[in-house]
file entry29.cif (mmCIF, C-alpha atoms and all ligand atoms)
data_entry
loop_
_atom_site.label_atom_id
_atom_site.label_comp_id
_atom_site.auth_asym_id
_atom_site.auth_seq_id
_atom_site.Cartn_x
_atom_site.Cartn_y
_atom_site.Cartn_z
CA MET A 1 98.20 65.48 63.13
CA SER A 2 97.28 65.10 66.78
CA ASN A 3 99.18 65.84 69.96
CA ASP A 4 100.04 62.14 70.19
CA GLN A 5 102.35 62.52 67.19
CA ILE A 6 104.25 65.51 68.62
CA ALA A 7 107.42 64.60 70.56
CA ARG A 8 107.08 65.05 74.30
CA ARG A 9 109.04 64.37 77.45
CA GLY A 10 107.49 61.69 79.66
CA LEU A 11 106.32 62.37 83.18
CA MET A 12 106.59 60.63 86.53
CA LEU A 13 103.16 59.85 87.95
CA VAL A 14 103.17 59.10 91.67
CA LEU A 15 100.20 57.44 93.37
CA SER A 16 100.24 57.39 97.17
CA SER A 17 97.57 56.46 99.68
CA PRO A 18 97.07 54.75 103.00
CA SER A 19 96.95 50.98 102.65
CA GLY A 20 93.37 49.97 101.77
CA ALA A 21 92.43 52.99 99.66
CA GLY A 22 92.42 50.88 96.49
CA LYS A 23 95.67 52.13 95.01
CA THR A 24 96.90 48.72 93.83
CA THR A 25 93.71 48.11 91.81
CA LEU A 26 93.84 51.61 90.35
CA SER A 27 97.51 51.22 89.34
CA ARG A 28 96.83 47.87 87.67
CA ARG A 29 93.80 49.21 85.79
CA LEU A 30 95.70 52.30 84.63
CA LEU A 31 98.60 50.17 83.34
CA GLU A 32 96.16 47.91 81.48
CA SER A 33 94.18 50.73 79.85
CA ASP A 34 96.99 53.16 78.95
CA GLY A 35 99.77 51.89 76.69
CA ASN A 36 102.05 54.88 77.28
CA ILE A 37 102.77 54.37 80.96
CA GLN A 38 104.81 51.67 82.65
CA LEU A 39 105.32 50.69 86.28
CA SER A 40 108.48 51.42 88.20
CA VAL A 41 109.15 48.08 89.92
CA SER A 42 110.52 48.81 93.39
CA ALA A 43 112.94 46.79 95.46
CA THR A 44 111.87 45.67 98.93
CA THR A 45 113.06 43.59 101.87
CA ARG A 46 109.53 42.51 102.82
CA PRO A 47 108.53 38.86 102.28
CA MET A 48 106.75 37.96 99.06
CA ARG A 49 102.95 37.59 99.38
CA PRO A 50 101.01 34.77 97.70
CA GLY A 51 100.48 35.57 94.03
CA GLU A 52 103.36 38.05 93.82
CA LYS A 53 106.19 37.57 91.33
CA HIS A 54 109.83 38.52 91.67
CA GLY A 55 110.69 41.25 89.17
CA THR A 56 107.03 41.99 88.36
CA ASP A 57 105.56 43.17 91.67
CA TYR A 58 108.86 43.91 93.38
CA HIS A 59 112.51 42.97 93.28
CA PHE A 60 112.51 40.99 96.53
CA LEU A 61 115.91 41.49 98.17
CA LYS A 62 117.64 40.26 101.31
CA PRO A 63 118.59 43.15 103.66
CA GLU A 64 122.25 42.79 102.68
CA GLU A 65 121.35 42.93 98.98
CA PHE A 66 119.29 46.07 99.61
CA ASP A 67 122.33 47.56 101.42
CA ALA A 68 124.50 46.77 98.40
CA TRP A 69 122.08 48.41 95.92
CA GLN A 70 121.94 51.44 98.18
CA ALA A 71 125.74 51.64 98.52
CA GLN A 72 126.06 51.43 94.73
CA GLY A 73 123.72 54.42 94.37
CA LYS A 74 121.11 52.39 92.52
CA PHE A 75 118.10 54.08 94.18
CA LEU A 76 116.40 57.30 93.12
CA GLU A 77 114.71 57.26 96.53
CA HIS A 78 114.36 54.80 99.40
CA ALA A 79 112.46 54.62 102.69
CA THR A 80 111.43 52.33 105.52
CA VAL A 81 107.67 51.64 105.52
CA PHE A 82 106.03 49.40 108.16
CA GLY A 83 109.45 48.13 109.22
CA ASN A 84 110.46 47.01 105.71
CA ARG A 85 112.73 48.81 103.30
CA TYR A 86 111.62 49.95 99.86
CA GLY A 87 113.50 51.69 97.07
CA THR A 88 112.98 52.91 93.51
CA PRO A 89 115.73 51.77 91.11
CA SER A 90 116.88 54.71 88.99
CA HIS A 91 118.09 52.90 85.85
CA LEU A 92 114.76 52.73 84.02
CA VAL A 93 113.40 56.20 84.70
CA ASN A 94 115.58 58.47 82.56
CA ASP A 95 115.44 56.20 79.51
CA VAL A 96 111.65 55.95 79.64
CA LEU A 97 111.14 59.70 80.13
CA SER A 98 113.42 60.67 77.24
CA ALA A 99 111.58 58.18 75.02
CA GLY A 100 108.40 60.19 75.65
CA ARG A 101 106.78 57.57 77.83
CA ASP A 102 105.53 57.91 81.40
CA VAL A 103 106.46 56.03 84.56
CA LEU A 104 104.02 55.10 87.33
CA PHE A 105 105.30 54.99 90.92
CA ASP A 106 103.39 53.31 93.74
CA ILE A 107 105.41 54.79 96.61
CA ASP A 108 104.77 56.42 100.00
CA TRP A 109 105.01 60.09 101.06
CA GLN A 110 108.69 59.78 102.06
CA GLY A 111 109.64 58.62 98.59
CA THR A 112 107.46 61.28 97.00
CA GLN A 113 109.26 64.00 98.96
CA GLN A 114 112.64 62.71 97.75
CA LEU A 115 111.47 62.59 94.12
CA LYS A 116 110.11 66.13 94.46
CA GLU A 117 113.56 67.35 95.51
CA LYS A 118 115.29 65.61 92.61
CA LYS A 119 112.77 65.72 89.76
CA ARG A 120 110.19 68.44 90.47
CA ASP A 121 109.53 69.31 86.81
CA ASP A 122 108.87 65.71 85.81
CA LEU A 123 106.74 64.84 88.81
CA VAL A 124 102.93 64.68 88.99
CA SER A 125 101.67 63.40 92.34
CA ILE A 126 98.22 62.10 93.25
CA PHE A 127 97.00 61.15 96.72
CA ILE A 128 94.20 58.56 96.80
CA LEU A 129 91.76 58.74 99.73
CA PRO A 130 89.26 56.10 100.88
CA PRO A 131 85.62 57.31 100.98
CA SER A 132 85.24 56.92 104.78
CA HIS A 133 86.88 55.61 107.95
CA ASP A 134 84.48 52.63 108.10
CA GLU A 135 85.13 51.67 104.48
CA LEU A 136 88.89 51.88 105.02
CA GLU A 137 88.60 49.54 108.02
CA ARG A 138 86.39 47.16 106.06
CA ARG A 139 88.82 47.02 103.13
CA LEU A 140 91.80 46.33 105.41
CA LYS A 141 89.93 43.50 107.13
CA THR A 142 89.06 41.78 103.86
CA ARG A 143 92.69 41.40 102.89
CA ALA A 144 93.19 37.71 103.68
CA GLN A 145 96.98 37.73 103.43
CA ASP A 146 97.42 40.15 106.31
CA SER A 147 97.36 39.04 109.94
CA ASP A 148 95.10 40.83 112.48
CA GLU A 149 98.18 42.43 113.92
CA THR A 150 99.16 43.80 110.51
CA VAL A 151 95.63 45.15 109.92
CA ALA A 152 95.60 46.90 113.30
CA GLY A 153 99.06 48.30 112.64
CA ARG A 154 98.07 49.57 109.20
CA MET A 155 94.86 51.16 110.51
CA ALA A 156 96.93 53.01 113.10
CA LYS A 157 99.38 54.11 110.41
CA ALA A 158 96.61 55.19 108.02
CA ALA A 159 95.93 58.42 109.91
CA ASP A 160 99.61 59.28 109.79
CA GLU A 161 99.84 58.49 106.07
CA ILE A 162 96.65 60.49 105.32
CA SER A 163 98.11 63.55 107.09
CA HIS A 164 100.47 63.96 104.10
CA TRP A 165 97.72 64.69 101.55
CA PRO A 166 98.56 68.44 101.35
CA GLU A 167 101.97 67.60 99.88
CA TYR A 168 100.40 66.22 96.67
CA ASP A 169 99.40 67.99 93.43
CA TYR A 170 96.02 66.20 93.20
CA VAL A 171 93.68 64.37 95.59
CA VAL A 172 91.25 61.70 94.35
CA VAL A 173 88.61 60.08 96.60
CA ASN A 174 88.13 56.46 95.61
CA SER A 175 84.51 55.57 96.34
CA ASP A 176 83.99 54.12 92.87
CA VAL A 177 86.91 52.53 90.98
CA GLU A 178 85.66 53.52 87.50
CA LYS A 179 85.20 57.15 88.54
CA ALA A 180 88.58 57.31 90.33
CA LEU A 181 90.26 55.75 87.30
CA ALA A 182 88.63 58.31 84.98
CA ASP A 183 89.85 61.11 87.29
CA ILE A 184 93.42 59.78 87.23
CA GLN A 185 93.31 59.40 83.44
CA ALA A 186 92.03 62.99 83.11
CA ILE A 187 94.91 64.27 85.24
CA LEU A 188 97.39 62.25 83.17
CA ASN A 189 95.96 63.52 79.87
CA ALA A 190 96.07 67.16 80.97
CA GLU A 191 99.63 66.87 82.33
CA ARG A 192 100.77 65.28 79.05
CA LEU A 193 99.43 68.32 77.19
CA LYS A 194 101.44 70.82 79.26
CA ARG A 195 103.36 73.05 76.90
CA SER A 196 106.65 72.47 78.74
CA ARG A 197 106.37 68.69 78.16
CA GLN A 198 105.62 68.99 74.44
CA THR A 199 109.22 69.22 73.32
CA GLY A 200 108.28 68.96 69.64
CA ILE A 201 105.66 71.70 69.66
CA SER A 202 107.81 74.61 68.45
CA GLY A 203 108.95 72.58 65.43
CA PHE A 204 105.34 71.72 64.67
CA VAL A 205 104.19 75.34 65.01
CA GLY A 206 107.13 76.51 62.86
CA LYS A 207 105.82 74.45 59.95
CA LEU A 208 102.21 75.65 60.38
CA VAL A 209 102.58 79.15 59.00
P1 LIG B 1 103.24 46.92 100.24
O1 LIG B 1 104.26 46.24 101.08
O2 LIG B 1 101.86 46.80 100.81
O3 LIG B 1 103.33 46.50 98.80
O4 LIG B 1 103.58 48.48 100.25
C1 LIG B 1 103.62 49.19 101.46
C2 LIG B 1 103.86 50.67 101.19
O5 LIG B 1 105.17 50.88 100.65
C3 LIG B 1 102.89 51.28 100.18
O6 LIG B 1 102.43 52.51 100.70
C4 LIG B 1 103.74 51.52 98.95
O7 LIG B 1 103.29 52.64 98.21
C5 LIG B 1 105.10 51.79 99.58
N1 LIG B 1 106.18 51.55 98.61
C6 LIG B 1 106.28 50.55 97.71
N2 LIG B 1 107.41 50.66 96.99
C7 LIG B 1 108.05 51.77 97.44
C8 LIG B 1 109.27 52.44 97.06
O8 LIG B 1 110.02 52.03 96.17
N3 LIG B 1 109.58 53.56 97.76
C9 LIG B 1 108.80 54.05 98.76
N4 LIG B 1 109.19 55.18 99.36
N5 LIG B 1 107.64 53.47 99.13
C10 LIG B 1 107.27 52.33 98.48
#
call {"tool": "encode", "arguments": {"input": "entry29.cif", "output": "structure tokens", "more": "lines below"}}
Ligand code: 5GP
result
Amino acid sequence: MSNDQIARRGLMLVLSSPSGAGKTTLSRRLLESDGNIQLSVSATTRPMRPGEKHGTDYHFLKPEEFDAWQAQGKFLEHATVFGNRYGTPSHLVNDVLSAGRDVLFDIDWQGTQQLKEKKRDDLVSIFILPPSHDELERRLKTRAQDSDETVAGRMAKAADEISHWPEYDYVVVNSDVEKALADIQAILNAERLKRSRQTGISGFVGKLV
């Protein structure tokens, strides 16, 4: 018997960072390497970028569709980021958590604050930092899809975004993807072992002695 076979409640893992800190790569790698966590696919009004797929990267909505989802109470949280609207659909989350699986959220600090108010016990939040100012600038400039104006705008917003790091449970500096990934996996493993999340532990202990 190992902990993996004991029933547990899933957790909500939030990754936030300024644009360019490497969060998208880290999310993708975590989803590939860990079979017990799945991505919460957000809705957004921003245009689709090359290579993105509807329903996989985002649910790409027209502003009026986003309004309708919001009016119908379909969002667990929503916020405006860089002039576009983003929201987390609520339908998937509860089912996944009760099935003992985890959900990964790639959302900003505004969304994290809203989730904290609604779901504090289920929430584990990690803020990803770039290793230096120069490296952050370099990474933003190498993103071909973004116009110069977007890069400049994001660099200006990065300082604002970074100022929210104290609101997170954990902070990981991403100078090396493998190391940052190992840190995130270590946090995830430890949080999964929390006594309060191991709903089947008292039954297991009861049969031990
Ligand atoms: P991008 O447009 O580059 O994919 O994302 C821009 C920012 O919006 C990122 O910081 C990302 O974490 C954030 N974001 C993406 N989806 C959501 C969401 O559903 N809610 C909130 N609050 N932020 C989101």
call {"tool": "closest_residue", "arguments": {"input": "entry29.cif", "among": "A:Arg46, A:Arg101, A:His164, A:His91", "to": "ligand LIG 1 (chain B)", "atoms": "all atoms listed in the file"}}
result
A:Arg46
call {"tool": "closest_residue", "arguments": {"input": "entry29.cif", "among": "A:Val173, A:Val41, A:His54, A:Arg197", "to": "A:Thr88", "atoms": "all atoms listed in the file"}}
result
A:Val41
call {"tool": "residues_near_ligand", "arguments": {"input": "entry29.cif", "ligand": "ligand LIG 1 (chain B)", "cutoff": "7 Å", "atoms": "all atoms listed in the file", "output": "JSON, numbers by chain"}}
result
{"A": [16, 17, 18, 19, 42, 43, 44, 46, 77, 78, 79, 81, 86, 87, 88, 106, 107, 108, 109, 110, 111, 112]}
call {"tool": "closest_residue", "arguments": {"input": "entry29.cif", "among": "A:Asp34, A:Asp4, A:Glu64, A:Asp160", "to": "A:Gln185", "atoms": "all atoms listed in the file"}}
result
A:Asp34
call {"tool": "closest_atom_pairs", "arguments": {"input": "entry29.cif", "of": "stretch 15-134 of chain A", "to": "stretch 166-170 of chain A", "cutoff": "10 Å", "atoms": "only C-alpha atoms", "output": "CSV"}}
result
residue,atom,partner,partner_atom,distance
A:Leu15,CA,A:Tyr168,CA,9.4
A:Ser16,CA,A:Tyr168,CA,8.8
A:Trp109,CA,A:Glu167,CA,8.2
A:Thr112,CA,A:Tyr168,CA,8.6
A:Gln113,CA,A:Glu167,CA,8.2
A:Lys116,CA,A:Glu167,CA,9.9
A:Leu123,CA,A:Asp169,CA,9.2
A:Val124,CA,A:Asp169,CA,6.6
A:Ser125,CA,A:Asp169,CA,5.2
A:Ile126,CA,A:Tyr170,CA,4.7
A:Phe127,CA,A:Tyr168,CA,6.1
A:Ile128,CA,A:Tyr170,CA,8.6
call {"tool": "closest_residue", "arguments": {"input": "entry29.cif", "among": "A:Glu161, A:Asp102, A:Asp134, A:Glu117", "to": "A:Arg192", "atoms": "only C-alpha atoms"}}
result
A:Asp102
call {"tool": "atom_distance", "arguments": {"input": "entry29.cif", "atom1": "atom CA of A:Ala180", "atom2": "atom CA of A:Asp122"}}
result
22.4 Å
call {"tool": "closest_residue", "arguments": {"input": "entry29.cif", "among": "A:Gly51, A:Ser196, A:Phe75, A:Leu129", "to": "A:Leu115", "atoms": "only C-alpha atoms"}}
result
A:Phe75
call {"tool": "residues_around", "arguments": {"input": "entry29.cif", "residues": "A:Glu178", "least_positions_apart": "5", "cutoff": "12 Å", "atoms": "only C-alpha atoms", "output": "PyMOL selection string"}}
result
chain A and resi 22+25-26+29-30+33+173+183-185
call {"tool": "atom_distance", "arguments": {"input": "entry29.cif", "atom1": "atom CA of A:Lys157", "atom2": "atom CA of A:Val171"}}
result
18.9 Å
call {"tool": "atom_distance", "arguments": {"input": "entry29.cif", "atom1": "atom CA of A:Gly55", "atom2": "atom CA of A:Pro130"}}
result
28.6 Å
call {"tool": "residues_around", "arguments": {"input": "entry29.cif", "residues": "A:Thr45", "least_positions_apart": "4", "cutoff": "6 Å", "atoms": "all atoms listed in the file", "output": "list in words"}}
result
Phe60, Leu61, Lys62, Pro63, Asn84 and Arg85 of chain A
call {"tool": "closest_residue", "arguments": {"input": "entry29.cif", "among": "A:Val177, A:Ala71, A:Met48, A:Val14", "to": "A:Val103", "atoms": "all atoms listed in the file"}}
result
A:Val14
call {"tool": "residues_near_point", "arguments": {"input": "entry29.cif", "point": "(93.7, 46.6, 110.0)", "cutoff": "10 Å", "atoms": "all atoms listed in the file", "output": "short mmCIF file (atom, residue, chain, number, x, y, z; two decimals) with C-alpha atoms, in the frame of the given file"}}
result
data_model
loop_
_atom_site.label_atom_id
_atom_site.label_comp_id
_atom_site.auth_asym_id
_atom_site.auth_seq_id
_atom_site.Cartn_x
_atom_site.Cartn_y
_atom_site.Cartn_z
CA SER A 19 96.95 50.98 102.65
CA GLY A 20 93.37 49.97 101.77
CA LEU A 136 88.89 51.88 105.02
CA GLU A 137 88.60 49.54 108.02
CA ARG A 138 86.39 47.16 106.06
CA ARG A 139 88.82 47.02 103.13
CA LEU A 140 91.80 46.33 105.41
CA LYS A 141 89.93 43.50 107.13
CA THR A 142 89.06 41.78 103.86
CA ARG A 143 92.69 41.40 102.89
CA ASP A 146 97.42 40.15 106.31
CA SER A 147 97.36 39.04 109.94
CA ASP A 148 95.10 40.83 112.48
CA GLU A 149 98.18 42.43 113.92
CA THR A 150 99.16 43.80 110.51
CA VAL A 151 95.63 45.15 109.92
CA ALA A 152 95.60 46.90 113.30
CA GLY A 153 99.06 48.30 112.64
CA ARG A 154 98.07 49.57 109.20
CA MET A 155 94.86 51.16 110.51
CA ALA A 156 96.93 53.01 113.10
CA LYS A 157 99.38 54.11 110.41
CA ALA A 158 96.61 55.19 108.02
#
call {"tool": "build_atoms", "arguments": {"input": "entry29.cif", "residues": "stretch 49-72 of chain A", "atoms": "N, CA and C atoms", "output": "mmCIF file, in the coordinates of the input"}}
result
data_model
loop_
_atom_site.group_PDB
_atom_site.id
_atom_site.type_symbol
_atom_site.label_atom_id
_atom_site.label_comp_id
_atom_site.auth_asym_id
_atom_site.auth_seq_id
_atom_site.Cartn_x
_atom_site.Cartn_y
_atom_site.Cartn_z
ATOM 1 N N ARG A 49 104.291 38.082 99.036
ATOM 2 C CA ARG A 49 102.950 37.590 99.380
ATOM 3 C C ARG A 49 102.495 36.585 98.316
ATOM 4 N N PRO A 50 101.510 35.725 98.699
ATOM 5 C CA PRO A 50 101.010 34.770 97.700
ATOM 6 C C PRO A 50 100.556 35.495 96.448
ATOM 7 N N GLY A 51 100.905 34.969 95.298
ATOM 8 C CA GLY A 51 100.480 35.570 94.030
ATOM 9 C C GLY A 51 101.454 36.592 93.483
ATOM 10 N N GLU A 52 102.392 37.061 94.318
ATOM 11 C CA GLU A 52 103.360 38.050 93.820
ATOM 12 C C GLU A 52 104.502 37.366 93.078
ATOM 13 N N LYS A 53 105.081 38.122 92.120
ATOM 14 C CA LYS A 53 106.190 37.570 91.330
ATOM 15 C C LYS A 53 107.426 38.454 91.467
ATOM 16 N N HIS A 54 108.561 37.796 91.604
ATOM 17 C CA HIS A 54 109.830 38.520 91.670
ATOM 18 C C HIS A 54 110.086 39.226 90.334
ATOM 19 N N GLY A 55 110.387 40.506 90.393
ATOM 20 C CA GLY A 55 110.690 41.250 89.170
ATOM 21 C C GLY A 55 109.461 41.871 88.517
ATOM 22 N N THR A 56 108.258 41.423 88.920
ATOM 23 C CA THR A 56 107.030 41.990 88.360
ATOM 24 C C THR A 56 106.362 42.903 89.391
ATOM 25 N N ASP A 57 106.166 42.363 90.602
ATOM 26 C CA ASP A 57 105.560 43.170 91.670
ATOM 27 C C ASP A 57 106.646 43.971 92.401
ATOM 28 N N TYR A 58 107.707 43.291 92.727
ATOM 29 C CA TYR A 58 108.860 43.910 93.380
ATOM 30 C C TYR A 58 110.109 43.114 93.007
ATOM 31 N N HIS A 59 111.269 43.728 93.207
ATOM 32 C CA HIS A 59 112.510 42.970 93.280
ATOM 33 C C HIS A 59 112.655 42.645 94.771
ATOM 34 N N PHE A 60 112.449 41.376 95.122
ATOM 35 C CA PHE A 60 112.510 40.990 96.530
ATOM 36 C C PHE A 60 113.963 40.726 96.916
ATOM 37 N N LEU A 61 114.487 41.562 97.821
ATOM 38 C CA LEU A 61 115.910 41.490 98.170
ATOM 39 C C LEU A 61 116.104 41.122 99.637
ATOM 40 N N LYS A 62 117.222 40.462 99.921
ATOM 41 C CA LYS A 62 117.640 40.260 101.310
ATOM 42 C C LYS A 62 118.167 41.616 101.816
ATOM 43 N N PRO A 63 118.099 41.847 103.155
ATOM 44 C CA PRO A 63 118.590 43.150 103.660
ATOM 45 C C PRO A 63 119.989 43.495 103.171
ATOM 46 N N GLU A 64 120.876 42.481 103.104
ATOM 47 C CA GLU A 64 122.250 42.790 102.680
ATOM 48 C C GLU A 64 122.307 43.141 101.183
ATOM 49 N N GLU A 65 121.398 42.566 100.403
ATOM 50 C CA GLU A 65 121.350 42.930 98.980
ATOM 51 C C GLU A 65 120.841 44.376 98.821
ATOM 52 N N PHE A 66 119.831 44.700 99.643
ATOM 53 C CA PHE A 66 119.290 46.070 99.610
ATOM 54 C C PHE A 66 120.414 47.056 99.968
ATOM 55 N N ASP A 67 121.187 46.715 101.024
ATOM 56 C CA ASP A 67 122.330 47.560 101.420
ATOM 57 C C ASP A 67 123.287 47.775 100.250
ATOM 58 N N ALA A 68 123.556 46.685 99.514
ATOM 59 C CA ALA A 68 124.500 46.770 98.400
ATOM 60 C C ALA A 68 123.964 47.689 97.298
ATOM 61 N N TRP A 69 122.682 47.542 96.952
ATOM 62 C CA TRP A 69 122.080 48.410 95.920
ATOM 63 C C TRP A 69 122.187 49.879 96.355
ATOM 64 N N GLN A 70 121.893 50.075 97.658
ATOM 65 C CA GLN A 70 121.940 51.440 98.180
ATOM 66 C C GLN A 70 123.362 52.006 98.117
ATOM 67 N N ALA A 71 124.335 51.194 98.523
ATOM 68 C CA ALA A 71 125.740 51.640 98.520
ATOM 69 C C ALA A 71 126.217 51.942 97.100
ATOM 70 N N GLN A 72 125.673 51.209 96.130
ATOM 71 C CA GLN A 72 126.060 51.430 94.730
ATOM 72 C C GLN A 72 125.296 52.595 94.090
#
